[in-house]
Each structure stands twice: as C-alpha cells, then as structure tokens.
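Coordinates from run.txt are shown below (compact mmCIF, C-alpha atoms).
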# COMPACT_ATOMS: atom_id res chain seq x y z
CA MET A 1 -38.67 5.19 -23.83
CA TRP A 2 -35.83 5.69 -26.29
CA LYS A 3 -35.92 5.28 -30.07
CA TYR A 4 -33.59 2.31 -30.42
CA ALA A 5 -34.19 -0.50 -32.88
CA PHE A 6 -32.71 -2.93 -30.34
CA GLN A 7 -33.38 -4.01 -26.79
CA VAL A 8 -30.99 -4.70 -23.91
CA PRO A 9 -31.93 -8.07 -22.38
CA GLU A 10 -32.99 -7.73 -18.75
CA GLN A 11 -30.25 -10.10 -17.60
CA LYS A 12 -27.63 -7.78 -19.09
CA LYS A 13 -28.78 -4.70 -17.18
CA LEU A 14 -26.92 -3.21 -14.20
CA ARG A 15 -28.14 -1.10 -11.31
CA TYR A 16 -26.40 2.25 -11.33
CA ILE A 17 -26.15 5.32 -9.09
CA VAL A 18 -25.03 8.59 -10.70
CA HIS A 19 -22.87 10.90 -8.59
CA THR A 20 -22.05 14.17 -10.32
CA ASP A 21 -20.71 17.64 -9.48
CA CYS A 22 -22.95 18.63 -12.35
CA LYS A 23 -22.40 22.41 -12.41
CA ASN A 24 -18.63 22.25 -12.16
CA GLU A 25 -16.60 21.97 -15.37
CA ALA A 26 -19.21 21.53 -18.14
CA ASP A 27 -18.45 17.88 -18.94
CA ASP A 28 -20.66 16.36 -16.21
CA PRO A 29 -23.94 17.20 -18.00
CA PHE A 30 -22.72 15.32 -21.10
CA THR A 31 -22.07 12.19 -19.06
CA LEU A 32 -25.34 12.48 -17.14
CA ALA A 33 -27.28 12.67 -20.43
CA HIS A 34 -25.29 9.74 -21.84
CA ILE A 35 -26.00 7.56 -18.81
CA LEU A 36 -29.72 8.34 -18.91
CA MET A 37 -29.87 7.32 -22.59
CA THR A 38 -28.09 4.00 -21.92
CA ASP A 39 -30.60 1.19 -21.43
CA LYS A 40 -27.97 -1.16 -20.00
CA LEU A 41 -27.96 1.02 -16.88
CA ASP A 42 -30.97 0.95 -14.58
CA VAL A 43 -30.43 4.31 -12.91
CA ARG A 44 -31.62 4.02 -9.32
CA GLY A 45 -30.94 7.63 -8.36
CA ILE A 46 -28.83 10.71 -9.01
CA ILE A 47 -26.67 12.45 -6.39
CA ALA A 48 -25.47 16.04 -6.79
CA GLY A 49 -22.01 16.62 -5.32
CA HIS A 50 -19.98 19.61 -4.13
CA PHE A 51 -17.10 21.31 -5.96
CA ASP A 52 -15.96 24.23 -3.79
CA GLU A 53 -12.35 23.80 -4.94
CA GLY A 54 -13.36 24.59 -8.53
CA ASN A 55 -16.02 27.17 -7.79
CA HIS A 56 -13.95 30.18 -8.98
CA GLY A 57 -16.42 32.52 -7.26
CA ARG A 58 -19.42 31.43 -9.32
CA TYR A 59 -21.54 30.41 -6.30
CA PRO A 60 -21.59 31.23 -2.57
CA GLU A 61 -19.25 29.14 -0.44
CA HIS A 62 -20.61 25.71 0.51
CA GLN A 63 -23.51 25.94 -1.93
CA THR A 64 -22.01 24.11 -4.88
CA ALA A 65 -23.89 20.85 -4.21
CA GLN A 66 -27.08 22.88 -4.49
CA ALA A 67 -25.84 24.30 -7.80
CA SER A 68 -25.20 20.72 -8.97
CA LEU A 69 -28.68 19.70 -7.85
CA ASP A 70 -30.25 22.53 -9.84
CA GLU A 71 -28.22 21.50 -12.90
CA VAL A 72 -29.26 17.85 -12.60
CA ASN A 73 -32.90 18.90 -12.56
CA LYS A 74 -32.31 21.14 -15.57
CA ILE A 75 -30.81 18.27 -17.58
CA LEU A 76 -33.76 16.04 -16.65
CA ASP A 77 -36.18 18.74 -17.77
CA LEU A 78 -34.41 19.26 -21.11
CA MET A 79 -34.62 15.50 -21.74
CA ASP A 80 -38.31 15.34 -20.71
CA LEU A 81 -37.37 13.13 -17.75
CA SER A 82 -38.42 15.35 -14.84
CA GLY A 83 -39.71 13.29 -11.93
CA ARG A 84 -38.53 10.00 -13.38
CA TYR A 85 -35.54 9.52 -11.05
CA PRO A 86 -34.97 10.32 -7.37
CA VAL A 87 -32.46 13.15 -7.01
CA PHE A 88 -30.47 13.86 -3.84
CA LYS A 89 -28.18 16.65 -2.68
CA GLY A 90 -24.89 15.40 -1.28
CA ALA A 91 -22.66 16.98 1.34
CA GLU A 92 -21.76 20.62 0.75
CA ILE A 93 -18.22 20.19 2.13
CA GLY A 94 -15.54 17.54 2.34
CA MET A 95 -15.02 15.33 5.38
CA SER A 96 -13.20 16.83 8.39
CA ASP A 97 -11.41 13.54 9.10
CA GLU A 98 -11.48 9.87 8.09
CA LYS A 99 -13.81 8.71 10.86
CA THR A 100 -16.73 11.14 10.95
CA PRO A 101 -19.38 10.77 8.21
CA ILE A 102 -21.49 13.65 7.01
CA VAL A 103 -24.98 12.19 7.24
CA THR A 104 -27.12 13.30 4.28
CA GLU A 105 -30.08 11.93 2.37
CA ALA A 106 -27.62 11.13 -0.41
CA ALA A 107 -25.47 8.94 1.84
CA ARG A 108 -28.57 7.28 3.26
CA PHE A 109 -29.78 6.54 -0.25
CA ILE A 110 -26.48 4.84 -1.17
CA VAL A 111 -26.80 2.61 1.88
CA GLU A 112 -30.46 1.84 1.19
CA GLU A 113 -29.87 0.89 -2.45
CA ALA A 114 -26.79 -1.19 -1.66
CA MET A 115 -28.59 -3.13 1.07
CA ARG A 116 -31.72 -3.69 -1.02
CA ASP A 117 -32.48 -7.28 -2.00
CA ASP A 118 -31.70 -7.32 -5.74
CA PRO A 119 -29.52 -9.92 -7.50
CA ARG A 120 -28.29 -7.50 -10.16
CA PRO A 121 -24.85 -5.94 -9.57
CA LEU A 122 -24.77 -2.33 -8.34
CA TYR A 123 -22.29 0.30 -9.52
CA ILE A 124 -21.83 3.91 -8.48
CA GLY A 125 -20.11 6.27 -10.91
CA MET A 126 -18.31 9.02 -8.98
CA GLN A 127 -17.71 12.01 -11.28
CA GLY A 128 -16.23 14.32 -8.64
CA ALA A 129 -15.36 14.39 -4.95
CA ILE A 130 -15.88 10.97 -3.38
CA THR A 131 -17.32 12.40 -0.14
CA ASP A 132 -20.81 10.92 -0.17
CA LEU A 133 -19.65 7.37 -0.86
CA ALA A 134 -17.06 7.53 1.94
CA CYS A 135 -19.75 8.76 4.32
CA ALA A 136 -22.04 5.89 3.30
CA ILE A 137 -19.23 3.39 3.94
CA LEU A 138 -18.66 4.77 7.44
CA MET A 139 -22.40 4.68 8.11
CA GLU A 140 -22.78 1.06 6.93
CA PRO A 141 -19.55 -0.82 6.13
CA ARG A 142 -21.50 -3.82 4.79
CA ILE A 143 -22.21 -1.94 1.56
CA CYS A 144 -18.60 -2.60 0.52
CA GLU A 145 -19.49 -6.19 -0.31
CA ARG A 146 -22.56 -5.20 -2.30
CA MET A 147 -21.45 -2.59 -4.84
CA THR A 148 -18.56 -1.39 -7.03
CA CYS A 149 -17.26 2.17 -7.29
CA ILE A 150 -15.95 3.71 -10.52
CA TRP A 151 -14.12 6.94 -9.67
CA ILE A 152 -12.84 9.67 -11.96
CA GLY A 153 -10.01 11.05 -9.88
CA GLY A 154 -6.45 10.96 -8.65
CA ALA A 155 -3.21 11.72 -10.48
CA ASP A 156 -1.21 9.17 -12.44
CA TYR A 157 0.76 6.33 -10.90
CA PRO A 158 3.19 5.76 -9.36
CA GLU A 159 3.79 9.21 -7.87
CA GLY A 160 0.34 10.79 -7.75
CA GLY A 161 0.06 14.51 -7.08
CA GLU A 162 -2.43 17.32 -7.50
CA GLU A 163 -5.78 16.43 -9.09
CA PHE A 164 -9.06 18.29 -8.77
CA ASN A 165 -11.51 15.56 -7.70
CA LEU A 166 -9.03 14.24 -5.15
CA MET A 167 -8.24 17.74 -3.92
CA SER A 168 -11.91 18.20 -3.08
CA ASP A 169 -11.78 15.55 -0.31
CA ILE A 170 -8.56 13.65 0.43
CA ASN A 171 -10.02 12.23 3.65
CA ALA A 172 -12.90 10.65 1.76
CA ALA A 173 -10.57 9.15 -0.83
CA ASN A 174 -8.55 7.49 1.94
CA VAL A 175 -11.73 6.03 3.43
CA VAL A 176 -12.72 4.46 0.10
CA PHE A 177 -9.18 3.32 -0.81
CA SER A 178 -8.76 1.59 2.56
CA SER A 179 -12.19 -0.06 2.45
CA SER A 180 -12.98 -3.47 0.96
CA MET A 181 -15.25 -2.03 -1.75
CA PRO A 182 -14.18 -2.94 -5.32
CA LEU A 183 -12.73 0.27 -6.77
CA TRP A 184 -12.09 1.07 -10.44
CA GLN A 185 -10.02 4.24 -10.64
CA VAL A 186 -9.72 6.40 -13.77
CA PRO A 187 -6.80 8.78 -13.06
CA THR A 188 -5.82 11.99 -14.82
CA GLY A 189 -3.83 10.61 -17.73
CA THR A 190 -6.64 8.23 -18.59
CA TYR A 191 -9.63 10.54 -18.32
CA LYS A 192 -7.71 13.15 -20.33
CA GLN A 193 -7.91 10.72 -23.26
CA PHE A 194 -11.55 11.80 -23.75
CA ALA A 195 -10.43 14.98 -25.51
CA VAL A 196 -12.81 16.78 -27.87
CA SER A 197 -12.81 20.02 -29.80
CA LEU A 198 -15.59 22.58 -29.55
CA ALA A 199 -15.98 22.36 -33.32
CA GLU A 200 -16.54 18.61 -32.98
CA LEU A 201 -19.22 19.18 -30.34
CA GLN A 202 -20.89 21.89 -32.42
CA LEU A 203 -21.21 19.38 -35.26
CA ARG A 204 -21.97 16.18 -33.33
CA VAL A 205 -23.94 17.39 -30.27
CA ARG A 206 -25.48 20.85 -30.71
CA PRO A 207 -27.98 20.01 -33.50
CA TRP A 208 -29.85 17.37 -31.48
CA GLY A 209 -32.77 18.79 -29.55
CA LYS A 210 -32.93 21.10 -26.56
CA ILE A 211 -30.47 18.93 -24.69
CA GLY A 212 -27.86 18.90 -27.47
CA ARG A 213 -28.00 22.67 -27.85
CA TYR A 214 -27.75 23.20 -24.11
CA LEU A 215 -24.83 20.81 -23.65
CA PHE A 216 -22.79 22.66 -26.25
CA ASP A 217 -23.87 26.18 -25.32
CA GLN A 218 -23.12 25.81 -21.60
CA MET A 219 -19.63 24.54 -22.39
CA ALA A 220 -18.94 27.36 -24.83
CA ALA A 221 -20.20 29.86 -22.25
CA LEU A 222 -17.94 28.49 -19.50
CA ASN A 223 -15.02 28.49 -21.94
CA ASN A 224 -15.47 32.26 -22.19
CA ALA A 225 -16.38 32.89 -18.55
CA LEU A 226 -13.12 31.34 -17.28
CA ALA A 227 -10.90 32.80 -20.00
CA GLU A 228 -8.75 34.71 -17.49
CA LEU A 229 -7.53 31.51 -15.80
CA PRO A 230 -3.97 30.92 -17.05
CA HIS A 231 -3.88 27.15 -17.63
CA TRP A 232 -7.49 26.09 -18.21
CA PRO A 233 -9.74 26.06 -20.22
CA HIS A 234 -7.69 25.68 -23.37
CA GLY A 235 -9.70 27.89 -25.72
CA GLU A 236 -10.81 25.48 -28.41
CA THR A 237 -10.71 22.04 -26.81
CA TRP A 238 -12.18 20.34 -23.75
CA CYS A 239 -12.02 17.00 -21.98
CA LEU A 240 -15.15 14.89 -21.44
CA GLY A 241 -13.25 13.09 -18.70
CA ASP A 242 -16.30 11.97 -16.75
CA GLU A 243 -17.16 9.66 -19.66
CA GLY A 244 -14.81 7.15 -18.03
CA VAL A 245 -17.57 6.03 -15.65
CA ILE A 246 -19.80 4.82 -18.49
CA CYS A 247 -16.96 3.68 -20.79
CA ALA A 248 -15.84 1.19 -18.14
CA LEU A 249 -19.26 -0.48 -18.34
CA LEU A 250 -19.66 -0.26 -22.12
CA GLU A 251 -16.31 -1.91 -22.85
CA ASP A 252 -16.16 -5.64 -23.46
CA ARG A 253 -15.83 -7.40 -20.09
CA GLU A 254 -13.10 -9.63 -21.51
CA ARG A 255 -11.01 -6.65 -22.61
CA ARG A 256 -8.47 -6.59 -19.80
CA GLY A 257 -5.56 -4.79 -21.42
CA GLY A 258 -6.72 -1.33 -20.42
CA TYR A 259 -6.20 -1.59 -16.68
CA THR A 260 -3.84 -2.94 -14.05
CA GLU A 261 -4.57 -4.34 -10.59
CA LEU A 262 -2.46 -2.34 -8.12
CA PRO A 263 -2.13 -2.25 -4.33
CA ALA A 264 -4.42 0.44 -2.97
CA PRO A 265 -2.28 3.37 -1.76
CA ARG A 266 -2.85 5.83 1.00
CA ILE A 267 -2.93 9.44 -0.12
CA GLY A 268 -0.86 12.15 1.52
CA VAL A 269 -1.84 15.77 2.12
CA ASP A 270 0.13 16.64 -1.03
CA MET A 271 -2.01 14.09 -2.93
CA ARG A 272 0.96 11.82 -3.59
CA TYR A 273 0.49 8.07 -3.32
CA LEU A 274 1.94 6.41 -0.22
CA PRO A 275 2.27 2.71 0.66
CA GLY A 276 -1.04 1.27 1.80
CA ASP A 277 -2.44 -2.20 2.34
CA SER A 278 -0.52 -4.36 -0.12
CA ALA A 279 -3.21 -7.06 0.06
CA ARG A 280 -5.95 -4.66 -1.05
CA LYS A 281 -6.01 -4.45 -4.86
CA ILE A 282 -7.83 -1.84 -6.95
CA ARG A 283 -8.34 -1.60 -10.70
CA VAL A 284 -6.50 1.35 -12.24
CA TYR A 285 -7.25 2.20 -15.89
CA HIS A 286 -4.44 3.38 -18.14
CA THR A 287 -6.40 3.38 -21.41
CA MET A 288 -10.07 3.25 -22.39
CA ASP A 289 -12.06 2.76 -25.60
CA VAL A 290 -12.64 6.43 -26.35
CA ARG A 291 -13.96 5.77 -29.86
CA LEU A 292 -16.63 3.39 -28.59
CA ASP A 293 -17.71 5.77 -25.86
CA LEU A 294 -17.89 9.06 -27.75
CA GLU A 295 -19.51 7.56 -30.84
CA ASP A 296 -22.10 5.95 -28.57
CA LEU A 297 -22.85 9.35 -27.01
CA TYR A 298 -23.17 11.07 -30.40
CA ALA A 299 -25.33 8.28 -31.86
CA LYS A 300 -27.71 8.24 -28.90
CA LEU A 301 -28.22 12.00 -29.03
CA GLN A 302 -28.98 11.90 -32.76
CA ILE A 303 -31.26 8.83 -32.55
CA ASN A 304 -33.31 10.17 -29.67
CA PHE A 305 -33.33 13.91 -30.33
CA GLY A 306 -32.84 14.14 -34.10
Show me, as structure tokens, the structure contained in the file I just sent.
Amino acid sequence: MWKYAFQVPEQKKLRYIVHTDCKNEADDPFTLAHILMTDKLDVRGIIAGHFDEGNHGRYPEHQTAQASLDEVNKILDLMDLSGRYPVFKGAEIGMSDEKTPIVTEAARFIVEEAMRDDPRPLYIGMQGAITDLACAILMEPRICERMTCIWIGGADYPEGGEEFNLMSDINAANVVFSSSMPLWQVPTGTYKQFAVSLAELQLRVRPWGKIGRYLFDQMAALNNALAELPHWPHGETWCLGDEGVICALLEDRERRGGYTELPAPRIGVDMRYLPGDSARKIRVYHTMDVRLDLEDLYAKLQINFG
C-alpha cells in the first residue's frame, strides 16, 4: 500500500500492537504515523490510553483515553487508513492496586492477540501509562511468555524519580516489572535524545500531505496553548520521545552497545527504584540510533505523501 521501491520479506515481519496516549503531548501522532508506514511491523491493533496526569484541563476528568481514541481515528483518516486496523479504548484511570485488573476491550484484545496461534514474535509498544498491559497480565499471566513489551517511561538509573508515563500508573508499572514478560525500557535520558526543533519539523514533515501538515500544526498549536507552564514546552524545540518504541525494532539486532541488562526494580510511591527480584533481568536502553529513526520517519513521509 506504500510507495516503496523495496519489499520487506514476510519472514522478517513482526506482529505489533500500538499503545498510545495519542492526544497527550503531540509526539504520539508522529510515532503512530511512523509505525503505520513501516512494513516490517504487522500492526494487529491500536489501543488508545489515558493521560489524566498531563491533561492540564484540556478534557474532562477520566476522559483522556477517549480523547486519545478520537485522535487515533483522526490520524488514520488523514492517512487514508480508516477502518484498516481495529482500534480500542483502554482504561480511563490507573490501577487502584497491583492485584485488581481493569477489564476493558483493550486488555482483552492484548490477551487474545498474545494467545493466538502465530509463529511470528509479538511486540507491544507502550507510549504512555502501562495500565492496559498490566491489566492483561493479571487477566492472563500466560501472555508473558508470548510477547515483548517496549515501554517509554521511567526516570534514569540508578535512582529513578519523577517521570510522566510512570506517574500515570505506578501500580501498573510494578505489575509489569515483576512479571516474567520480556521488557525493554526506554527511560527519560534516552527518549530525550529524540530532540527536534520546530523549524526542522516545518521543513521535513509539514510539506508532506494532509498528515504532514497536521502533525506539525498540532504540535505548534500545543506549543502555544501550554505556553504558561513554567518548564515545558520549551518554545522552539520538542522531543519525539515515543520514537523509541520503533527505533528499538529498526536498529540492527546485533547492535548491543545501546542497552544494559539490569535487575528489574520495584518502584516506590516517589517513583524511585527499589531493590526487586535480582534474578529478573530487563533491557534498559541508554542510547539509541536517533539518526536512523528520524531520517526513516522523514523519508517515509516524503515517499508516501510527497
């Protein structure tokens, strides 16, 4: 369906579930569009997540997952992909504790896809609160052996501390960290490497079709709408931090210098890392191939919407 002069061999393709708080901080729509244009990823479904902690009064309380759902459908429409993928609304709030799942169609879908008979590996890219995956794990623990999670979230090691995606559901993060599911974590200092300027995006993104114009314009609009916040946004730059979910799968599999295997911590109420199960190892990225990722995004937009 895309205008590439190459094909991705079927045996190289991966099953992929998108999880995005798509109407939150303006970078999620970029990553959603990038994923959909990437033939290596067989997108099985898209889940819209909550972001009450970063709402800043833009939507009624506990309706941010609905706002994300509406944004997902808007991106699909702008890319002429409406109806092509199943779309689900996730939980509207974080988990009340570490034992009680919030049962939603989104969590059921994760379980269904993970348990489906398909030899290809399954990944879920979590671009926000990790609520829906934690709920799916509690509903059906066997999914832990059948999929890998890539999560944009958590502060830097070793101390940890405040970070937005973690703040949105600490209970859920503890469920996933203490599970047996393979976890690739992209913490703050790593996802902040995907820094861009608005001038760069005006030049490299905005000219390419309805989707390119929208991606830039909605970011520029949010940059102005939140101008009164003291520390963010920054005025002329942004961070496409959610790109870490796709960069991890675009990078050469044999390139191992960008991450470390660490014992999975527990996470305290102050979001600091505490000793956990020392036998449980997770992959923690400290650097990623930003050039590869961003140039791939820009090229795909120009090829397909130029």
Residues of stretch 234-300 of chain A that approach stretch 7-21 of chain A to 12 Å or less, counting all atoms listed in the file: could you list each one with the shortest pair of atoms and its distance in Å to one decimal, rows by chain and increasing residue number, as JSON lines?
{"residue": "A:Asp242", "atom": "CA", "partner": "A:Thr20", "partner_atom": "CA", "distance": 8.9}
{"residue": "A:Glu243", "atom": "CA", "partner": "A:Thr20", "partner_atom": "CA", "distance": 11.5}
{"residue": "A:Val245", "atom": "CA", "partner": "A:Val18", "partner_atom": "CA", "distance": 9.3}
{"residue": "A:Ile246", "atom": "CA", "partner": "A:Tyr16", "partner_atom": "CA", "distance": 10.1}
{"residue": "A:Leu249", "atom": "CA", "partner": "A:Leu14", "partner_atom": "CA", "distance": 9.1}
{"residue": "A:Leu250", "atom": "CA", "partner": "A:Leu14", "partner_atom": "CA", "distance": 11.1}
{"residue": "A:Arg253", "atom": "CA", "partner": "A:Lys12", "partner_atom": "CA", "distance": 11.8}
Could you please take those selected residues and save C-alpha atoms as a CSV table (one decimal), in the coordinates of the input?
chain,number,residue,atom,x,y,z
A,242,ASP,CA,-16.3,12.0,-16.8
A,243,GLU,CA,-17.2,9.7,-19.7
A,245,VAL,CA,-17.6,6.0,-15.6
A,246,ILE,CA,-19.8,4.8,-18.5
A,249,LEU,CA,-19.3,-0.5,-18.3
A,250,LEU,CA,-19.7,-0.3,-22.1
A,253,ARG,CA,-15.8,-7.4,-20.1
Inset, instruction - Within 8 Å of stretch 272-280 of chain A, counting only C-alpha atoms, which residues show up once you throw out same-chain ones fewer than 6 positions away? Write them as number ranges by chain, please. - result: A: 157-162, 178, 180, 263-266
Can you spit out the residues from that selection as an mmCIF file, in the frame of the given file, using C-alpha atoms?
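Below is the file part.cif, written as the result:
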data_model
loop_
_atom_site.group_PDB
_atom_site.id
_atom_site.type_symbol
_atom_site.label_atom_id
_atom_site.label_comp_id
_atom_site.auth_asym_id
_atom_site.auth_seq_id
_atom_site.Cartn_x
_atom_site.Cartn_y
_atom_site.Cartn_z
ATOM 1 C CA TYR A 157 0.760 6.330 -10.900
ATOM 2 C CA PRO A 158 3.190 5.760 -9.360
ATOM 3 C CA GLU A 159 3.790 9.210 -7.870
ATOM 4 C CA GLY A 160 0.340 10.790 -7.750
ATOM 5 C CA GLY A 161 0.060 14.510 -7.080
ATOM 6 C CA GLU A 162 -2.430 17.320 -7.500
ATOM 7 C CA SER A 178 -8.760 1.590 2.560
ATOM 8 C CA SER A 180 -12.980 -3.470 0.960
ATOM 9 C CA PRO A 263 -2.130 -2.250 -4.330
ATOM 10 C CA ALA A 264 -4.420 0.440 -2.970
ATOM 11 C CA PRO A 265 -2.280 3.370 -1.760
ATOM 12 C CA ARG A 266 -2.850 5.830 1.000
#
Legend entry - Of the listed residues A:Leu36, A:Cys22, A:Val205, A:Val43, that which approaches A:Ala65 most closely, counting only C-alpha atoms: A:Cys22
Let me have the centre and edge lengths of the axis-aligned box enclosing all listed atoms of stretch 82-93 of chain A with 6 Å padding on every side, in Å to one decimal, as JSON.
{"center_x": -29.0, "center_y": 15.1, "center_z": -6.4, "size_x": 33.5, "size_y": 23.1, "size_z": 29.0}
Inset, instruction - Could you check how far atom CA of A:Ala48 sits from atom CA of A:Ser68, in Å to one decimal? - result: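 Interatomic distance, atom CA of A:Ala48 to atom CA of A:Ser68: 5.2 Å.
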Inset, instruction - Could you give me, as a list in words, the residues that sit within 12 Å of (-12.1, 20.7, -29.6) in the file's coordinates, counting all atoms listed in the file? - result: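 The residues near that point, listed by chain and number, are Phe194, Ala195, Val196, Ser197, Leu198, Ala199, Glu200, Leu201, Gln202, Leu203, Arg204, Phe216, Met219, Ala220, Asn223, Pro233, His234, Gly235, Glu236, Thr237, Trp238, Cys239 and Leu240 of chain A.
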Legend entry - Residue nearest A:Lys74 among A:Val87, A:Val290, A:Ile137, A:Leu226 (counting only C-alpha atoms):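 Closest to A:Lys74, using only C-alpha atoms: A:Val87.
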Legend entry - Shortest interatomic distance to A:Met181 - which of A:Arg146, A:Lys210, A:Arg283, A:Arg58, counting only C-alpha atoms: A:Arg146
Legend entry - Computed interatomic separation between atom CA of A:Thr100 and atom CA of A:Val284 (Å):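 Computed distance, atom CA of A:Thr100 to atom CA of A:Val284, equals 27.2 Å.
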Legend entry - Nearest to A:Gly257 by atom-to-atom distance, counting all atoms listed in the file, from A:His231, A:Lys281, A:His286, A:Arg44: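 Closest residue, counting all atoms listed in the file: A:His286.
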Legend entry - Nearest to A:Asp52, chosen from A:Phe164, A:Tyr123, A:Phe109, A:Phe88, with all atoms listed in the file counted in the distances: A:Phe164
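Among A:Arg116, A:Lys99, A:Arg206, A:Lys23, the residue with the shortest atom-to-atom distance to A:Tyr59, counting all atoms listed in the file, is A:Lys23.
Put simply, atom CA of A:Glu92 is 8.2 Å away from atom CA of A:Phe51.
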Legend entry - Selection as number ranges by chain: residues within 12 Å of (-31.4, -0.1, -31.0), counting all atoms listed in the file: A: 1-9, 37-40, 296, 299-300, 303-304
